[in-house]
Number of protein chains: 2
Amino acid sequence: MSEEGAGPLGGLVVVDIANMMAAPSAAMMLADFGATVLKVERPDGGDVSRQAPMRAGGTSVWWRLLGRNKEAITLNLKHPEAQAILRRILKEADVLIENNRPGKLEAMGLEPARLHEANPGLVILRVTGWGQTGPYADRATFGTQIEAMSGFAHANGHPGGPPTLPSFALADGCTGYLGAFSVMAALWAREQDTKRRGQVIDLSIFEALFGMLGPQASAFDQLGLVYERQGSRAPLSAPRNIYRARDGRYVAVSTSGGANIAHRTFAAMGRDDLITHPHFATLDARLAHIDEVDTMMQEWIGRHDADDIVRILSEAGASVAPIYSIADVVKDPHMKARDLIVDAPSDDIGPLKMQNVFPRLSRTPGRVRWSGRPLGADNESWLLERLGLTRRDLARLRKEGAI
Amino acid sequence: MSEEGAGPLGGLVVVDIANMMAAPSAAMMLADFGATVLKVERPDGGDVSRQAPMRAGGTSVWWRLLGRNKEAITLNLKHPEAQAILRRILKEADVLIENNRPGKLEAMGLEPARLHEANPGLVILRVTGWGQTGPYADRATFGTQIEAMSGFAHANGHPGGPPTLPSFALADGCTGYLGAFSVMAALWAREQDTKRRGQVIDLSIFEALFGMLGPQASAFDQLGLVYERQGSRAPLSAPRNIYRARDGRYVAVSTSGGANIAHRTFAAMGRDDLITHPHFATLDARLAHIDEVDTMMQEWIGRHDADDIVRILSEAGASVAPIYSIADVVKDPHMKARDLIVDAPSDDIGPLKMQNVFPRLSRTPGRVRWSGRPLGADNESWLLERLGLTRRDLARLRKEGAI
């Protein structure tokens, strides 16, 4: 507890029996900030993310990222002895993170009531696509389905074109953040409770994404408004779009944050006349004449190179940016100054680059200690040293397919 | 502390002097789970989100959402007496959330060192586009710029088409989740510390979004891979795309989660032959022949209606979903069974609908108590009752523009 450099969560013990991305992301957040996170995997191949595409040295960079800062053991949770070992571990743990379909945890002898009998303080984070209740609770679900049904895909893309899914594992990523927060909220509640009781958290990936998509439910309720595909336009700001510069590069411009930003943008473009123009003076007017606004912007931007546009409009206080791919991100001087990307040690392919730990805490920062380890890398340290099994036990359990 | 129904964070006091969306979202999360969150706004108009588009009863649904469960007072932080009032409040608070550009907090007499002198346990969450350090630290930044430079827009959209910004305030939303988590991590660290010290959190909106976009940095480092626009395809699963059904509706299909899902999908489509076909048998093969895979899928889907496709492929265990807008979400039976949308009381327009509090905690759930209140609605209860100012003080401060 409070060891030097352990991070804010040093001393907490988290057991991650989840698979793939959403729930393991939440466990990664806790590990990044110093919790001891024990990743428990099937002996036959382990977490699916290990064999996901984008493999380096035979193991996907997905696992190398999501497994970072975690210790890795194998347990076949269909085997009664493996279940018993996990129950022993959970007796001393603070948090269990799982993402089985409802009822499956129970089938493995790990029902929350039983776990809480042995360890009343345990916080159990249950991550599923649709939550533990409701007609869809039993459905096999992945991020795609969530992104399709949350309103995201419907509103993502260009008018006349098809709805568009995100190219990133968006729903999984935001579930990781929300899951980590909810675990800390439940741990906080435990510390305030005279009986130090944990609880069960029902985290739906759908709800995690839907919850951060802004006031679409209120806008529909109050105004009948349905977000539609409108390319890179947005209802909060005008101009707000992506335009093509003379040199073929794209730039994004937004003018949120009050009338002044748009006016300063127009002034920097030599168009002071627009500041009082009835179609350009106010945000409401610009939204009502958005085609005219975008045509004017594209016309000016098409006559300048991207770097000049960014410089001119930045100086005017506009929110303007070039479109970056990861190749641009890694060489940007700001990203370098912030150590956005760090080297993470691995057991097999030398250090590999990945994103740092965010955000930055001044007194007890998190950090990347290692990338995702080989399957079962910590079997001996956990099963022999911590739990006191013998080498003979281990050999037998291995033979029986329990570890 | 631990009052019945207060939520897991009951007893915590959070002061939100931020503006717009990202940082106030973090404060909303804490309020949703029971913290007392005091929103401090400029007397002249308050938070910019109040006047954002999508107004109902003169106030944007953005504010009605982001201000929910918060108490609202006005303080002009350029006025020395208002600064002194805020310092008094912060002396007893647990958390300060702000999103000024670096240096501005200091200019208002609220530099973290001074605040920590009066209250060493204070956790100070500082949210900015680019973080407190680095060459871009002083830039005016909004979500658009972040979405442009994080790699998101570059990879969002269709091949041959332009990069595409999200239609939702994506970067702001994920910053809210990450900000709430980091505050809880710092509070946890405070409770473990013998001196009960708080700290400063440097949360960059860019880093919040970049951190959840998966292993793009590792894939670029190890494989030279740059995520490009590929419509609704994704590198983790094939088939994974949006297809147009016979009735003109769109459906999303994904087959993540192991070889079996894709095989079961093919079987359900009457294409058992594909299970052993060299272009369809394995994920790697399907990714290498993705055009062929998508053509086959579109051909079959184009011959069926959306509801039938969802039923047939769901039964096969595939991840399939119709594309929903918010109008579809609100009437879906699962969403109704889960109380996805709730009625939030308001002071002026009656109850309005908004998303519930996610996730669901079994013992100490969060809840929506009220929607964003009118400007200065809690001035009297805070300034008179809690701080002991007189009505005469209030009248004078109001006259001087301090409140």
# chains A, B, ... in the order shown; residues from 1 in each chain; ligands from 1
>>> interface_residues(of="chain B", to="chain A", cutoff="6 Å", atoms="only C-alpha atoms", output="number ranges by chain")
B: 8, 53, 62, 134-135, 141, 145, 148-149, 151, 154, 164-165, 167-168, 173, 177-178, 181, 184-185, 189, 199-203, 212-213, 215, 217-218, 232, 234, 236, 319, 321, 323-326, 334, 337, 353-354, 359-363
>>> residues_around(residues="Glu71 in chain A", least_positions_apart="3", cutoff="7 Å", atoms="only C-alpha atoms", output="short mmCIF file (atom, residue, chain, number, x, y, z; two decimals) with N, CA, C and O atoms, in the first residue's frame")
data_model
loop_
_atom_site.label_atom_id
_atom_site.label_comp_id
_atom_site.auth_asym_id
_atom_site.auth_seq_id
_atom_site.Cartn_x
_atom_site.Cartn_y
_atom_site.Cartn_z
N VAL A 37 -3.20 -6.67 -11.33
CA VAL A 37 -4.27 -7.26 -12.13
C VAL A 37 -3.85 -8.64 -12.59
O VAL A 37 -2.85 -8.79 -13.31
N LEU A 38 -4.59 -9.63 -12.17
CA LEU A 38 -4.30 -11.00 -12.55
C LEU A 38 -5.23 -11.39 -13.68
O LEU A 38 -6.45 -11.48 -13.51
N LYS A 39 -4.64 -11.62 -14.85
CA LYS A 39 -5.41 -12.04 -16.01
C LYS A 39 -5.50 -13.57 -16.00
O LYS A 39 -4.46 -14.25 -16.00
N ASP A 378 2.82 -16.28 -15.49
CA ASP A 378 2.89 -16.12 -14.03
C ASP A 378 2.26 -17.28 -13.27
O ASP A 378 1.96 -17.14 -12.08
#
>>> residues_around(residues="Trp300 in chain B", least_positions_apart="6", cutoff="12 Å", atoms="only C-alpha atoms", output="JSON list (two decimals) with N, CA, C and O atoms, in the first residue's frame")
[["chain", "number", "residue", "atom", "x", "y", "z"],
["B", 243, "TYR", "N", -24.73, -3.77, -44.76],
["B", 243, "TYR", "CA", -25.29, -4.20, -46.04],
["B", 243, "TYR", "C", -26.73, -3.71, -46.14],
["B", 243, "TYR", "O", -27.40, -3.48, -45.13],
["B", 244, "ARG", "N", -27.18, -3.59, -47.38],
["B", 244, "ARG", "CA", -28.54, -3.07, -47.62],
["B", 244, "ARG", "C", -29.48, -4.24, -47.90],
["B", 244, "ARG", "O", -29.27, -5.02, -48.82],
["B", 245, "ALA", "N", -30.51, -4.32, -47.09],
["B", 245, "ALA", "CA", -31.47, -5.43, -47.22],
["B", 245, "ALA", "C", -32.45, -5.15, -48.36],
["B", 245, "ALA", "O", -32.50, -4.04, -48.90],
["B", 246, "ARG", "N", -33.24, -6.19, -48.70],
["B", 246, "ARG", "CA", -34.20, -6.06, -49.80],
["B", 246, "ARG", "C", -35.18, -4.92, -49.57],
["B", 246, "ARG", "O", -35.55, -4.20, -50.51],
["B", 265, "THR", "N", -22.54, -18.40, -39.32],
["B", 265, "THR", "CA", -23.22, -17.42, -40.18],
["B", 265, "THR", "C", -23.40, -17.98, -41.59],
["B", 265, "THR", "O", -24.49, -17.92, -42.17],
["B", 266, "PHE", "N", -22.32, -18.55, -42.14],
["B", 266, "PHE", "CA", -22.42, -19.12, -43.50],
["B", 266, "PHE", "C", -23.44, -20.25, -43.54],
["B", 266, "PHE", "O", -24.25, -20.35, -44.47],
["B", 268, "ALA", "N", -26.04, -20.67, -41.67],
["B", 268, "ALA", "CA", -27.41, -20.14, -41.58],
["B", 268, "ALA", "C", -27.88, -19.56, -42.91],
["B", 268, "ALA", "O", -29.07, -19.48, -43.18],
["B", 269, "MET", "N", -26.91, -19.16, -43.75],
["B", 269, "MET", "CA", -27.24, -18.60, -45.06],
["B", 269, "MET", "C", -27.34, -19.71, -46.12],
["B", 269, "MET", "O", -27.45, -19.41, -47.31],
["B", 270, "GLY", "N", -27.23, -20.94, -45.65],
["B", 270, "GLY", "CA", -27.29, -22.06, -46.60],
["B", 270, "GLY", "C", -26.00, -22.23, -47.38],
["B", 270, "GLY", "O", -25.99, -22.79, -48.48],
["B", 271, "ARG", "N", -24.91, -21.70, -46.86],
["B", 271, "ARG", "CA", -23.63, -21.78, -47.57],
["B", 271, "ARG", "C", -22.60, -22.59, -46.78],
["B", 271, "ARG", "O", -21.46, -22.13, -46.56],
["B", 293, "VAL", "N", -15.86, -11.75, -50.05],
["B", 293, "VAL", "CA", -16.70, -12.01, -48.88],
["B", 293, "VAL", "C", -17.87, -11.03, -48.83],
["B", 293, "VAL", "O", -19.03, -11.41, -48.67],
["B", 294, "ASP", "N", -17.57, -9.74, -49.02],
["B", 294, "ASP", "CA", -18.63, -8.73, -48.94],
["B", 294, "ASP", "C", -19.63, -8.86, -50.09],
["B", 294, "ASP", "O", -20.83, -8.62, -49.90],
["B", 306, "ALA", "N", -34.76, -6.96, -43.78],
["B", 306, "ALA", "CA", -33.89, -6.73, -42.61],
["B", 306, "ALA", "C", -34.31, -7.56, -41.40],
["B", 306, "ALA", "O", -33.47, -8.20, -40.76],
["B", 308, "ASP", "N", -35.90, -10.35, -41.20],
["B", 308, "ASP", "CA", -35.59, -11.78, -41.40],
["B", 308, "ASP", "C", -34.09, -12.04, -41.25],
["B", 308, "ASP", "O", -33.67, -13.03, -40.66],
["B", 309, "ILE", "N", -33.29, -11.14, -41.78],
["B", 309, "ILE", "CA", -31.83, -11.30, -41.71],
["B", 309, "ILE", "C", -31.39, -11.29, -40.24],
["B", 309, "ILE", "O", -30.60, -12.14, -39.82],
["B", 312, "ILE", "N", -32.54, -14.64, -38.64],
["B", 312, "ILE", "CA", -31.82, -15.83, -39.11],
["B", 312, "ILE", "C", -30.37, -15.82, -38.60],
["B", 312, "ILE", "O", -29.87, -16.81, -38.07],
["B", 313, "LEU", "N", -29.70, -14.69, -38.76],
["B", 313, "LEU", "CA", -28.28, -14.66, -38.37],
["B", 313, "LEU", "C", -28.11, -14.62, -36.85],
["B", 313, "LEU", "O", -27.14, -15.15, -36.32]]
>>> select_by_dssp(residues="range 98-145 of chain A", states="helix (DSSP H, G or I)", output="PyMOL selection string")
chain A and resi 104-107+112-118+143-145
>>> write_last_selection(atoms="all heavy atoms", output="CSV table (one decimal), in the first residue's frame")
chain,number,residue,atom,x,y,z
A,104,LYS,N,-23.6,-17.8,-17.1
A,104,LYS,CA,-22.4,-18.6,-17.3
A,104,LYS,C,-21.5,-18.6,-16.1
A,104,LYS,O,-20.9,-19.6,-15.7
A,104,LYS,CB,-21.6,-18.2,-18.5
A,104,LYS,CG,-21.5,-19.3,-19.6
A,104,LYS,CD,-20.6,-18.9,-20.7
A,104,LYS,CE,-19.3,-19.7,-20.8
A,104,LYS,NZ,-18.4,-19.2,-21.8
A,105,LEU,N,-21.4,-17.5,-15.4
A,105,LEU,CA,-20.6,-17.4,-14.2
A,105,LEU,C,-21.1,-18.3,-13.2
A,105,LEU,O,-20.4,-19.0,-12.5
A,105,LEU,CB,-20.6,-15.9,-13.7
A,105,LEU,CG,-19.5,-15.5,-12.7
A,105,LEU,CD1,-18.2,-15.5,-13.4
A,105,LEU,CD2,-19.8,-14.0,-12.3
A,106,GLU,N,-22.4,-18.3,-13.1
A,106,GLU,CA,-23.1,-19.2,-12.1
A,106,GLU,C,-22.8,-20.6,-12.4
A,106,GLU,O,-22.6,-21.4,-11.5
A,106,GLU,CB,-24.7,-18.9,-12.2
A,106,GLU,CG,-25.1,-17.5,-11.6
A,106,GLU,CD,-24.8,-16.3,-12.5
A,106,GLU,OE1,-24.3,-16.4,-13.6
A,106,GLU,OE2,-25.1,-15.2,-12.0
A,107,ALA,N,-22.8,-21.0,-13.7
A,107,ALA,CA,-22.6,-22.3,-14.1
A,107,ALA,C,-21.1,-22.8,-13.8
A,107,ALA,O,-20.9,-24.0,-13.7
A,107,ALA,CB,-22.8,-22.5,-15.6
A,112,PRO,N,-22.2,-14.6,-8.0
A,112,PRO,CA,-21.9,-13.5,-7.1
A,112,PRO,C,-22.2,-13.8,-5.6
A,112,PRO,O,-21.4,-13.4,-4.7
A,112,PRO,CB,-22.6,-12.3,-7.7
A,112,PRO,CG,-22.7,-12.6,-9.1
A,112,PRO,CD,-22.8,-14.1,-9.2
A,113,ALA,N,-23.4,-14.3,-5.4
A,113,ALA,CA,-23.8,-14.5,-3.9
A,113,ALA,C,-22.8,-15.4,-3.2
A,113,ALA,O,-22.4,-15.2,-2.1
A,113,ALA,CB,-25.2,-15.2,-3.9
A,114,ARG,N,-22.3,-16.5,-3.9
A,114,ARG,CA,-21.3,-17.4,-3.3
A,114,ARG,C,-20.0,-16.6,-3.1
A,114,ARG,O,-19.3,-16.8,-2.1
A,114,ARG,CB,-21.1,-18.6,-4.2
A,114,ARG,CG,-20.2,-19.6,-3.7
A,114,ARG,CD,-20.2,-20.9,-4.6
A,114,ARG,NE,-19.3,-21.9,-4.0
A,114,ARG,CZ,-19.1,-23.0,-4.6
A,114,ARG,NH1,-19.8,-23.4,-5.7
A,114,ARG,NH2,-18.2,-23.9,-4.1
A,115,LEU,N,-19.6,-15.9,-4.1
A,115,LEU,CA,-18.3,-15.1,-4.0
A,115,LEU,C,-18.4,-14.1,-2.8
A,115,LEU,O,-17.5,-13.9,-2.1
A,115,LEU,CB,-18.0,-14.4,-5.3
A,115,LEU,CG,-17.8,-15.3,-6.5
A,115,LEU,CD1,-17.5,-14.5,-7.8
A,115,LEU,CD2,-16.6,-16.3,-6.3
A,116,HIS,N,-19.6,-13.5,-2.7
A,116,HIS,CA,-19.7,-12.5,-1.6
A,116,HIS,C,-19.8,-13.1,-0.2
A,116,HIS,O,-19.5,-12.5,0.8
A,116,HIS,CB,-21.0,-11.6,-1.9
A,116,HIS,CG,-20.7,-10.5,-2.8
A,116,HIS,ND1,-21.6,-10.0,-3.7
A,116,HIS,CD2,-19.6,-9.8,-3.0
A,116,HIS,CE1,-21.1,-9.0,-4.4
A,116,HIS,NE2,-19.9,-8.8,-4.0
A,117,GLU,N,-20.3,-14.4,-0.2
A,117,GLU,CA,-20.3,-15.1,1.1
A,117,GLU,C,-18.8,-15.2,1.6
A,117,GLU,O,-18.5,-15.0,2.8
A,117,GLU,CB,-20.9,-16.5,0.9
A,117,GLU,CG,-21.8,-16.9,2.0
A,117,GLU,CD,-22.5,-18.2,1.5
A,117,GLU,OE1,-23.6,-18.0,0.9
A,117,GLU,OE2,-22.0,-19.3,1.7
A,118,ALA,N,-17.9,-15.6,0.7
A,118,ALA,CA,-16.5,-15.8,1.0
A,118,ALA,C,-15.8,-14.4,1.2
A,118,ALA,O,-14.8,-14.3,2.0
A,118,ALA,CB,-15.8,-16.6,0.0
A,143,GLY,N,-19.0,-5.2,-30.4
A,143,GLY,CA,-19.1,-3.8,-30.6
A,143,GLY,C,-19.8,-3.3,-31.8
A,143,GLY,O,-20.6,-2.4,-31.7
A,144,THR,N,-19.7,-4.1,-32.9
A,144,THR,CA,-20.4,-3.7,-34.1
A,144,THR,C,-21.9,-3.5,-33.9
A,144,THR,O,-22.5,-2.5,-34.4
A,144,THR,CB,-20.1,-4.8,-35.2
A,144,THR,OG1,-18.7,-4.7,-35.5
A,144,THR,CG2,-20.9,-4.5,-36.4
A,145,GLN,N,-22.5,-4.5,-33.2
A,145,GLN,CA,-23.9,-4.4,-33.1
A,145,GLN,C,-24.3,-3.2,-32.2
A,145,GLN,O,-25.3,-2.6,-32.5
A,145,GLN,CB,-24.3,-5.7,-32.3
A,145,GLN,CG,-25.6,-6.2,-32.5
A,145,GLN,CD,-25.8,-7.7,-32.0
A,145,GLN,OE1,-24.8,-8.2,-31.5
A,145,GLN,NE2,-27.0,-8.2,-32.1
>>> closest_residue(among="B:Leu75, B:Gln298, B:Asp138, B:Asn119", to="Pro102 in chain B", atoms="only C-alpha atoms")
B:Asp138
>>> closest_residue(among="B:Gly160, B:Asp247, B:Lys331, B:His79", to="Asp307 in chain B", atoms="only C-alpha atoms")
B:Asp247
>>> select_by_dssp(residues="range 234-394 of chain A", states="strand (DSSP E)", output="count of residues only")
24
>>> atom_distance(atom1="CA of Asp47 in chain A", atom2="CA of Lys399 in chain A")
20.5 Å
